[in-house]
>>> print(open('final14.txt').read())   # compact mmCIF, N, CA and C atoms
# COMPACT_ATOMS: atom_id res chain seq x y z
N MET Z 1 -26.00 -49.42 -2.23
CA MET Z 1 -25.02 -48.68 -2.97
C MET Z 1 -25.76 -47.68 -3.84
N ASN Z 2 -25.24 -46.45 -3.85
CA ASN Z 2 -25.87 -45.39 -4.60
C ASN Z 2 -24.96 -44.99 -5.76
N ILE Z 3 -25.42 -45.09 -6.97
CA ILE Z 3 -24.63 -44.75 -8.15
C ILE Z 3 -25.21 -43.47 -8.74
N SER Z 4 -24.31 -42.54 -9.02
CA SER Z 4 -24.74 -41.25 -9.55
C SER Z 4 -23.94 -40.94 -10.80
N ASP Z 5 -24.53 -40.15 -11.68
CA ASP Z 5 -23.80 -39.79 -12.89
C ASP Z 5 -22.91 -38.57 -12.65
N LYS Z 6 -22.98 -38.00 -11.45
CA LYS Z 6 -22.12 -36.87 -11.12
C LYS Z 6 -20.90 -37.38 -10.36
N SER Z 7 -19.75 -37.08 -10.89
CA SER Z 7 -18.51 -37.44 -10.21
C SER Z 7 -17.81 -36.15 -9.77
N PRO Z 8 -16.84 -36.24 -8.89
CA PRO Z 8 -16.11 -35.05 -8.48
C PRO Z 8 -15.44 -34.36 -9.67
N LEU Z 9 -15.06 -35.12 -10.68
CA LEU Z 9 -14.44 -34.53 -11.86
C LEU Z 9 -15.43 -33.68 -12.64
N HIS Z 10 -16.70 -34.07 -12.62
CA HIS Z 10 -17.73 -33.30 -13.30
C HIS Z 10 -17.87 -31.92 -12.65
N ASP Z 11 -17.85 -31.90 -11.30
CA ASP Z 11 -17.92 -30.62 -10.57
C ASP Z 11 -16.70 -29.77 -10.85
N LEU Z 12 -15.53 -30.37 -10.91
CA LEU Z 12 -14.30 -29.65 -11.17
C LEU Z 12 -14.30 -29.04 -12.57
N ALA Z 13 -14.82 -29.77 -13.53
CA ALA Z 13 -14.90 -29.27 -14.90
C ALA Z 13 -15.76 -28.02 -14.95
N GLY Z 14 -16.85 -27.98 -14.18
CA GLY Z 14 -17.71 -26.81 -14.14
C GLY Z 14 -17.00 -25.60 -13.53
N LEU Z 15 -16.23 -25.84 -12.51
CA LEU Z 15 -15.48 -24.74 -11.89
C LEU Z 15 -14.44 -24.18 -12.84
N LEU Z 16 -13.75 -25.07 -13.52
CA LEU Z 16 -12.72 -24.62 -14.48
C LEU Z 16 -13.34 -23.85 -15.63
N ALA Z 17 -14.49 -24.27 -16.08
CA ALA Z 17 -15.17 -23.56 -17.16
C ALA Z 17 -15.55 -22.16 -16.72
N GLY Z 18 -15.93 -22.00 -15.45
CA GLY Z 18 -16.28 -20.70 -14.93
C GLY Z 18 -15.08 -19.77 -14.83
N LEU Z 19 -13.90 -20.32 -14.64
CA LEU Z 19 -12.70 -19.50 -14.56
C LEU Z 19 -12.37 -18.84 -15.89
N GLN Z 20 -12.73 -19.47 -16.97
CA GLN Z 20 -12.42 -18.92 -18.27
C GLN Z 20 -13.21 -17.65 -18.54
N ASP Z 21 -14.35 -17.47 -17.88
CA ASP Z 21 -15.19 -16.30 -18.09
C ASP Z 21 -14.74 -15.08 -17.28
N VAL Z 22 -13.77 -15.27 -16.39
CA VAL Z 22 -13.33 -14.17 -15.52
C VAL Z 22 -12.41 -13.25 -16.30
N SER Z 23 -12.63 -11.93 -16.16
CA SER Z 23 -11.78 -10.97 -16.86
C SER Z 23 -10.48 -10.78 -16.09
N PRO Z 24 -9.40 -10.49 -16.78
CA PRO Z 24 -8.11 -10.32 -16.09
C PRO Z 24 -8.11 -9.10 -15.18
N VAL Z 25 -7.31 -9.15 -14.16
CA VAL Z 25 -7.20 -8.06 -13.20
C VAL Z 25 -6.34 -6.96 -13.79
N LYS Z 26 -6.79 -5.73 -13.65
CA LYS Z 26 -6.04 -4.60 -14.16
C LYS Z 26 -4.91 -4.27 -13.20
N LYS Z 27 -3.75 -3.93 -13.77
CA LYS Z 27 -2.62 -3.55 -12.95
C LYS Z 27 -2.79 -2.11 -12.50
N GLN Z 28 -2.44 -1.88 -11.23
CA GLN Z 28 -2.55 -0.53 -10.68
C GLN Z 28 -1.19 0.14 -10.73
N ALA Z 29 -1.21 1.44 -10.83
CA ALA Z 29 0.03 2.21 -10.83
C ALA Z 29 0.66 2.12 -9.45
N PRO Z 30 1.99 2.14 -9.38
CA PRO Z 30 2.63 2.07 -8.07
C PRO Z 30 2.29 3.29 -7.23
N ALA Z 31 2.30 3.09 -5.93
CA ALA Z 31 1.97 4.18 -5.01
C ALA Z 31 3.04 5.27 -5.12
N ALA Z 32 2.63 6.48 -4.91
CA ALA Z 32 3.55 7.61 -5.00
C ALA Z 32 4.56 7.53 -3.86
N LEU Z 33 5.80 7.88 -4.19
CA LEU Z 33 6.84 7.91 -3.18
C LEU Z 33 6.67 9.13 -2.30
N PRO Z 34 7.11 9.05 -1.04
CA PRO Z 34 6.96 10.20 -0.16
C PRO Z 34 7.80 11.38 -0.67
N THR Z 35 7.32 12.55 -0.42
CA THR Z 35 8.04 13.74 -0.86
C THR Z 35 9.24 13.97 0.02
N GLU Z 36 10.10 14.87 -0.39
CA GLU Z 36 11.30 15.15 0.38
C GLU Z 36 10.98 15.86 1.68
N ASP Z 37 9.79 16.42 1.80
CA ASP Z 37 9.41 17.11 3.03
C ASP Z 37 9.17 16.12 4.17
N ALA Z 38 8.79 14.90 3.83
CA ALA Z 38 8.49 13.91 4.86
C ALA Z 38 9.78 13.48 5.53
N SER Z 39 9.74 13.32 6.85
CA SER Z 39 10.93 12.87 7.57
C SER Z 39 10.52 11.85 8.62
N ASP Z 40 11.39 10.88 8.80
CA ASP Z 40 11.17 9.86 9.83
C ASP Z 40 11.88 10.29 11.10
N GLN Z 41 11.31 9.91 12.21
CA GLN Z 41 11.92 10.24 13.49
C GLN Z 41 12.01 8.98 14.32
N VAL Z 42 13.09 8.89 15.06
CA VAL Z 42 13.29 7.76 15.96
C VAL Z 42 13.54 8.32 17.34
N ARG Z 43 12.87 7.77 18.31
CA ARG Z 43 13.08 8.16 19.70
C ARG Z 43 13.61 6.95 20.45
N ILE Z 44 14.72 7.15 21.10
CA ILE Z 44 15.33 6.06 21.87
C ILE Z 44 15.02 6.29 23.34
N SER Z 45 14.49 5.27 23.98
CA SER Z 45 14.10 5.40 25.38
C SER Z 45 15.33 5.55 26.27
N THR Z 46 15.09 6.05 27.46
CA THR Z 46 16.16 6.21 28.45
C THR Z 46 16.76 4.85 28.79
N ARG Z 47 15.91 3.87 28.89
CA ARG Z 47 16.37 2.51 29.21
C ARG Z 47 17.30 1.98 28.11
N ALA Z 48 16.95 2.23 26.86
CA ALA Z 48 17.79 1.78 25.75
C ALA Z 48 19.13 2.51 25.76
N LYS Z 49 19.12 3.79 26.11
CA LYS Z 49 20.37 4.55 26.22
C LYS Z 49 21.25 3.99 27.33
N GLU Z 50 20.64 3.59 28.45
CA GLU Z 50 21.40 2.98 29.55
C GLU Z 50 22.03 1.67 29.10
N PHE Z 51 21.28 0.85 28.36
CA PHE Z 51 21.83 -0.40 27.86
C PHE Z 51 22.99 -0.14 26.91
N GLN Z 52 22.84 0.87 26.06
CA GLN Z 52 23.90 1.21 25.11
C GLN Z 52 25.17 1.63 25.86
N ARG Z 53 25.01 2.44 26.89
CA ARG Z 53 26.16 2.89 27.68
C ARG Z 53 26.82 1.72 28.40
N ALA Z 54 26.02 0.83 28.97
CA ALA Z 54 26.57 -0.35 29.64
C ALA Z 54 27.32 -1.22 28.65
N TYR Z 55 26.78 -1.39 27.45
CA TYR Z 55 27.44 -2.18 26.42
C TYR Z 55 28.79 -1.57 26.05
N GLU Z 56 28.83 -0.24 25.93
CA GLU Z 56 30.09 0.43 25.59
C GLU Z 56 31.13 0.25 26.70
N LEU Z 57 30.69 0.34 27.95
CA LEU Z 57 31.62 0.15 29.07
C LEU Z 57 32.18 -1.26 29.11
N VAL Z 58 31.32 -2.25 28.87
CA VAL Z 58 31.78 -3.64 28.86
C VAL Z 58 32.74 -3.87 27.70
N ALA Z 59 32.45 -3.26 26.56
CA ALA Z 59 33.33 -3.43 25.40
C ALA Z 59 34.70 -2.81 25.64
N GLN Z 60 34.76 -1.76 26.45
CA GLN Z 60 36.03 -1.11 26.74
C GLN Z 60 36.84 -1.84 27.79
N ALA Z 61 36.19 -2.64 28.62
CA ALA Z 61 36.88 -3.36 29.69
C ALA Z 61 37.81 -4.41 29.10
N PRO Z 62 38.97 -4.60 29.70
CA PRO Z 62 39.89 -5.61 29.18
C PRO Z 62 39.35 -7.02 29.43
N ASP Z 63 39.71 -7.93 28.55
CA ASP Z 63 39.27 -9.32 28.70
C ASP Z 63 40.00 -10.00 29.85
N ILE Z 64 41.20 -9.55 30.15
CA ILE Z 64 42.00 -10.16 31.21
C ILE Z 64 42.25 -9.12 32.30
N ARG Z 65 41.93 -9.48 33.53
CA ARG Z 65 42.18 -8.58 34.66
C ARG Z 65 43.62 -8.82 35.13
N THR Z 66 44.53 -8.01 34.64
CA THR Z 66 45.96 -8.22 34.87
C THR Z 66 46.32 -8.18 36.35
N GLU Z 67 45.64 -7.33 37.13
CA GLU Z 67 45.96 -7.26 38.56
C GLU Z 67 45.67 -8.59 39.25
N LYS Z 68 44.53 -9.17 38.93
CA LYS Z 68 44.15 -10.44 39.55
C LYS Z 68 45.08 -11.56 39.11
N VAL Z 69 45.42 -11.56 37.83
CA VAL Z 69 46.33 -12.58 37.30
C VAL Z 69 47.69 -12.47 37.98
N ALA Z 70 48.17 -11.25 38.16
CA ALA Z 70 49.47 -11.04 38.81
C ALA Z 70 49.46 -11.56 40.24
N LYS Z 71 48.37 -11.31 40.99
CA LYS Z 71 48.27 -11.79 42.36
C LYS Z 71 48.27 -13.32 42.41
N LEU Z 72 47.52 -13.94 41.48
CA LEU Z 72 47.47 -15.40 41.45
C LEU Z 72 48.83 -15.99 41.07
N GLN Z 73 49.50 -15.40 40.10
CA GLN Z 73 50.82 -15.89 39.71
C GLN Z 73 51.81 -15.78 40.86
N ASP Z 74 51.73 -14.69 41.60
CA ASP Z 74 52.61 -14.50 42.76
C ASP Z 74 52.32 -15.55 43.82
N ALA Z 75 51.03 -15.79 44.11
CA ALA Z 75 50.66 -16.78 45.13
C ALA Z 75 51.11 -18.19 44.71
N ILE Z 76 50.98 -18.50 43.44
CA ILE Z 76 51.40 -19.83 42.96
C ILE Z 76 52.92 -19.96 43.06
N SER Z 77 53.65 -18.93 42.66
CA SER Z 77 55.12 -19.02 42.66
C SER Z 77 55.68 -19.07 44.08
N THR Z 78 55.02 -18.43 45.04
CA THR Z 78 55.50 -18.47 46.43
C THR Z 78 54.97 -19.67 47.21
N GLY Z 79 54.04 -20.41 46.60
CA GLY Z 79 53.50 -21.59 47.26
C GLY Z 79 52.40 -21.29 48.25
N THR Z 80 51.86 -20.10 48.22
CA THR Z 80 50.79 -19.74 49.17
C THR Z 80 49.39 -19.91 48.57
N TYR Z 81 49.32 -20.29 47.30
CA TYR Z 81 48.01 -20.49 46.66
C TYR Z 81 47.51 -21.87 47.04
N ASN Z 82 46.34 -21.91 47.68
CA ASN Z 82 45.81 -23.19 48.14
C ASN Z 82 44.30 -23.21 47.90
N VAL Z 83 43.86 -24.22 47.19
CA VAL Z 83 42.43 -24.38 46.92
C VAL Z 83 42.02 -25.75 47.42
N ARG Z 84 40.93 -25.79 48.15
CA ARG Z 84 40.41 -27.06 48.65
C ARG Z 84 39.72 -27.80 47.51
N GLY Z 85 39.82 -29.09 47.50
CA GLY Z 85 39.19 -29.93 46.48
C GLY Z 85 37.68 -29.78 46.45
N GLU Z 86 37.10 -29.55 47.62
CA GLU Z 86 35.65 -29.36 47.69
C GLU Z 86 35.21 -28.14 46.89
N GLN Z 87 36.00 -27.07 46.95
CA GLN Z 87 35.66 -25.87 46.20
C GLN Z 87 35.69 -26.14 44.69
N VAL Z 88 36.70 -26.86 44.25
CA VAL Z 88 36.81 -27.19 42.83
C VAL Z 88 35.64 -28.06 42.40
N ALA Z 89 35.33 -29.08 43.19
CA ALA Z 89 34.22 -29.98 42.86
C ALA Z 89 32.89 -29.23 42.82
N THR Z 90 32.67 -28.35 43.78
CA THR Z 90 31.42 -27.57 43.81
C THR Z 90 31.29 -26.73 42.56
N LYS Z 91 32.35 -26.05 42.17
CA LYS Z 91 32.30 -25.21 40.96
C LYS Z 91 32.06 -26.05 39.72
N LEU Z 92 32.73 -27.20 39.61
CA LEU Z 92 32.54 -28.07 38.45
C LEU Z 92 31.10 -28.55 38.34
N ILE Z 93 30.55 -29.00 39.46
CA ILE Z 93 29.17 -29.49 39.45
C ILE Z 93 28.20 -28.36 39.13
N THR Z 94 28.41 -27.19 39.74
CA THR Z 94 27.53 -26.05 39.49
C THR Z 94 27.54 -25.67 38.02
N HIS Z 95 28.72 -25.57 37.44
CA HIS Z 95 28.81 -25.19 36.03
C HIS Z 95 28.24 -26.26 35.11
N THR Z 96 28.41 -27.53 35.46
CA THR Z 96 27.86 -28.61 34.67
C THR Z 96 26.33 -28.56 34.68
N ILE Z 97 25.75 -28.33 35.83
CA ILE Z 97 24.28 -28.24 35.93
C ILE Z 97 23.77 -27.03 35.17
N LEU Z 98 24.42 -25.89 35.34
CA LEU Z 98 23.99 -24.68 34.64
C LEU Z 98 24.09 -24.85 33.13
N ASP Z 99 25.17 -25.49 32.66
CA ASP Z 99 25.32 -25.72 31.21
C ASP Z 99 24.21 -26.63 30.69
N ALA Z 100 23.82 -27.61 31.50
CA ALA Z 100 22.76 -28.54 31.06
C ALA Z 100 21.40 -27.84 31.02
N ILE Z 101 21.17 -26.93 31.96
CA ILE Z 101 19.89 -26.23 32.02
C ILE Z 101 19.80 -25.16 30.94
N LEU Z 102 20.87 -24.39 30.79
CA LEU Z 102 20.85 -23.29 29.85
C LEU Z 102 21.31 -23.77 28.51
>>> encode(input="final14.txt", output="structure tokens")
Amino acid sequence: MNISDKSPLHDLAGLLAGLQDVSPVKKQAPAALPTEDASDQVRISTRAKEFQRAYELVAQAPDIRTEKVAKLQDAISTGTYNVRGEQVATKLITHTILDAIL
């Protein structure tokens, strides 16, 4: 066993004593604001413009396709609308798997 008169607190006391000798930091003046002559420019890529146009077209499209709804309503009312159970099951399973993955 090795006993020493230096403890970690002794080292810490020396560091703290050294901090008292440090002079305070001088505050600097804030940086000058840009003059009115300076101007910022933004360039939008062609690809970004295409995305913006596509977004606008989608936003303008109706949420409900009335023509398709009308055809389905007519088929249901006349009794000509027929869906196989396999098609419904396939869609349900597909959507369930996709929801679990995404």
>>> atom_distance(input="final14.txt", atom1="atom CA of Z:Thr90", atom2="atom CA of Z:Leu72")
20.3 Å
>>> atom_distance(input="final14.txt", atom1="atom CA of Z:Tyr81", atom2="atom CA of Z:Lys68")
12.9 Å
>>> atom_distance(input="final14.txt", atom1="atom CA of Z:Lys49", atom2="atom CA of Z:Arg65")
26.8 Å
>>> axis_aligned_box(input="final14.txt", around="stretch 64-72 of chain Z", padding_each_side="3 Å", output="lines of an AutoDock Vina configuration file")
center_x = 45.3
center_y = -11.6
center_z = 36.3
size_x = 14.3
size_y = 14.7
size_z = 18.3
>>> decode(input="final14.txt", residues="stretch 81-101 of chain Z", atoms="N, CA and C atoms", output="PDB file, in the first residue's frame")
ATOM      1  N   TYR Z  81     -72.391  -4.352 -60.006  1.00  0.00           N
ATOM      2  CA  TYR Z  81     -71.089  -4.223 -59.331  1.00  0.00           C
ATOM      3  C   TYR Z  81     -70.779  -5.543 -58.647  1.00  0.00           C
ATOM      4  N   ASN Z  82     -69.659  -6.149 -59.032  1.00  0.00           N
ATOM      5  CA  ASN Z  82     -69.308  -7.451 -58.484  1.00  0.00           C
ATOM      6  C   ASN Z  82     -67.810  -7.487 -58.211  1.00  0.00           C
ATOM      7  N   VAL Z  83     -67.462  -7.793 -56.986  1.00  0.00           N
ATOM      8  CA  VAL Z  83     -66.055  -7.898 -56.605  1.00  0.00           C
ATOM      9  C   VAL Z  83     -65.838  -9.286 -56.025  1.00  0.00           C
ATOM     10  N   ARG Z  84     -64.796  -9.938 -56.474  1.00  0.00           N
ATOM     11  CA  ARG Z  84     -64.460 -11.261 -55.959  1.00  0.00           C
ATOM     12  C   ARG Z  84     -63.817 -11.116 -54.579  1.00  0.00           C
ATOM     13  N   GLY Z  85     -64.081 -12.035 -53.709  1.00  0.00           N
ATOM     14  CA  GLY Z  85     -63.516 -12.030 -52.358  1.00  0.00           C
ATOM     15  C   GLY Z  85     -61.993 -12.083 -52.366  1.00  0.00           C
ATOM     16  N   GLU Z  86     -61.442 -12.776 -53.348  1.00  0.00           N
ATOM     17  CA  GLU Z  86     -59.984 -12.868 -53.449  1.00  0.00           C
ATOM     18  C   GLU Z  86     -59.358 -11.494 -53.668  1.00  0.00           C
ATOM     19  N   GLN Z  87     -60.013 -10.658 -54.467  1.00  0.00           N
ATOM     20  CA  GLN Z  87     -59.494  -9.322 -54.713  1.00  0.00           C
ATOM     21  C   GLN Z  87     -59.494  -8.489 -53.423  1.00  0.00           C
ATOM     22  N   VAL Z  88     -60.567  -8.597 -52.665  1.00  0.00           N
ATOM     23  CA  VAL Z  88     -60.652  -7.855 -51.408  1.00  0.00           C
ATOM     24  C   VAL Z  88     -59.580  -8.343 -50.436  1.00  0.00           C
ATOM     25  N   ALA Z  89     -59.431  -9.658 -50.318  1.00  0.00           N
ATOM     26  CA  ALA Z  89     -58.430 -10.227 -49.409  1.00  0.00           C
ATOM     27  C   ALA Z  89     -57.018  -9.812 -49.811  1.00  0.00           C
ATOM     28  N   THR Z  90     -56.735  -9.842 -51.104  1.00  0.00           N
ATOM     29  CA  THR Z  90     -55.402  -9.454 -51.585  1.00  0.00           C
ATOM     30  C   THR Z  90     -55.106  -8.008 -51.232  1.00  0.00           C
ATOM     31  N   LYS Z  91     -56.060  -7.124 -51.460  1.00  0.00           N
ATOM     32  CA  LYS Z  91     -55.855  -5.706 -51.139  1.00  0.00           C
ATOM     33  C   LYS Z  91     -55.665  -5.504 -49.638  1.00  0.00           C
ATOM     34  N   LEU Z  92     -56.468  -6.186 -48.824  1.00  0.00           N
ATOM     35  CA  LEU Z  92     -56.331  -6.053 -47.367  1.00  0.00           C
ATOM     36  C   LEU Z  92     -54.962  -6.508 -46.887  1.00  0.00           C
ATOM     37  N   ILE Z  93     -54.517  -7.655 -47.378  1.00  0.00           N
ATOM     38  CA  ILE Z  93     -53.210  -8.171 -46.972  1.00  0.00           C
ATOM     39  C   ILE Z  93     -52.093  -7.249 -47.449  1.00  0.00           C
ATOM     40  N   THR Z  94     -52.186  -6.788 -48.697  1.00  0.00           N
ATOM     41  CA  THR Z  94     -51.164  -5.896 -49.239  1.00  0.00           C
ATOM     42  C   THR Z  94     -51.055  -4.626 -48.412  1.00  0.00           C
ATOM     43  N   HIS Z  95     -52.192  -4.015 -48.117  1.00  0.00           N
ATOM     44  CA  HIS Z  95     -52.171  -2.778 -47.346  1.00  0.00           C
ATOM     45  C   HIS Z  95     -51.695  -3.006 -45.917  1.00  0.00           C
ATOM     46  N   THR Z  96     -52.039  -4.141 -45.326  1.00  0.00           N
ATOM     47  CA  THR Z  96     -51.591  -4.460 -43.982  1.00  0.00           C
ATOM     48  C   THR Z  96     -50.072  -4.611 -43.944  1.00  0.00           C
ATOM     49  N   ILE Z  97     -49.514  -5.295 -44.917  1.00  0.00           N
ATOM     50  CA  ILE Z  97     -48.058  -5.478 -44.970  1.00  0.00           C
ATOM     51  C   ILE Z  97     -47.367  -4.147 -45.207  1.00  0.00           C
ATOM     52  N   LEU Z  98     -47.877  -3.353 -46.135  1.00  0.00           N
ATOM     53  CA  LEU Z  98     -47.264  -2.056 -46.415  1.00  0.00           C
ATOM     54  C   LEU Z  98     -47.324  -1.143 -45.190  1.00  0.00           C
ATOM     55  N   ASP Z  99     -48.451  -1.158 -44.474  1.00  0.00           N
ATOM     56  CA  ASP Z  99     -48.560  -0.329 -43.256  1.00  0.00           C
ATOM     57  C   ASP Z  99     -47.554  -0.776 -42.206  1.00  0.00           C
ATOM     58  N   ALA Z 100     -47.320  -2.079 -42.112  1.00  0.00           N
ATOM     59  CA  ALA Z 100     -46.373  -2.584 -41.116  1.00  0.00           C
ATOM     60  C   ALA Z 100     -44.933  -2.215 -41.488  1.00  0.00           C
ATOM     61  N   ILE Z 101     -44.634  -2.215 -42.774  1.00  0.00           N
ATOM     62  CA  ILE Z 101     -43.275  -1.899 -43.228  1.00  0.00           C
ATOM     63  C   ILE Z 101     -43.011  -0.412 -43.153  1.00  0.00           C
TER      64      ILE Z 101
END
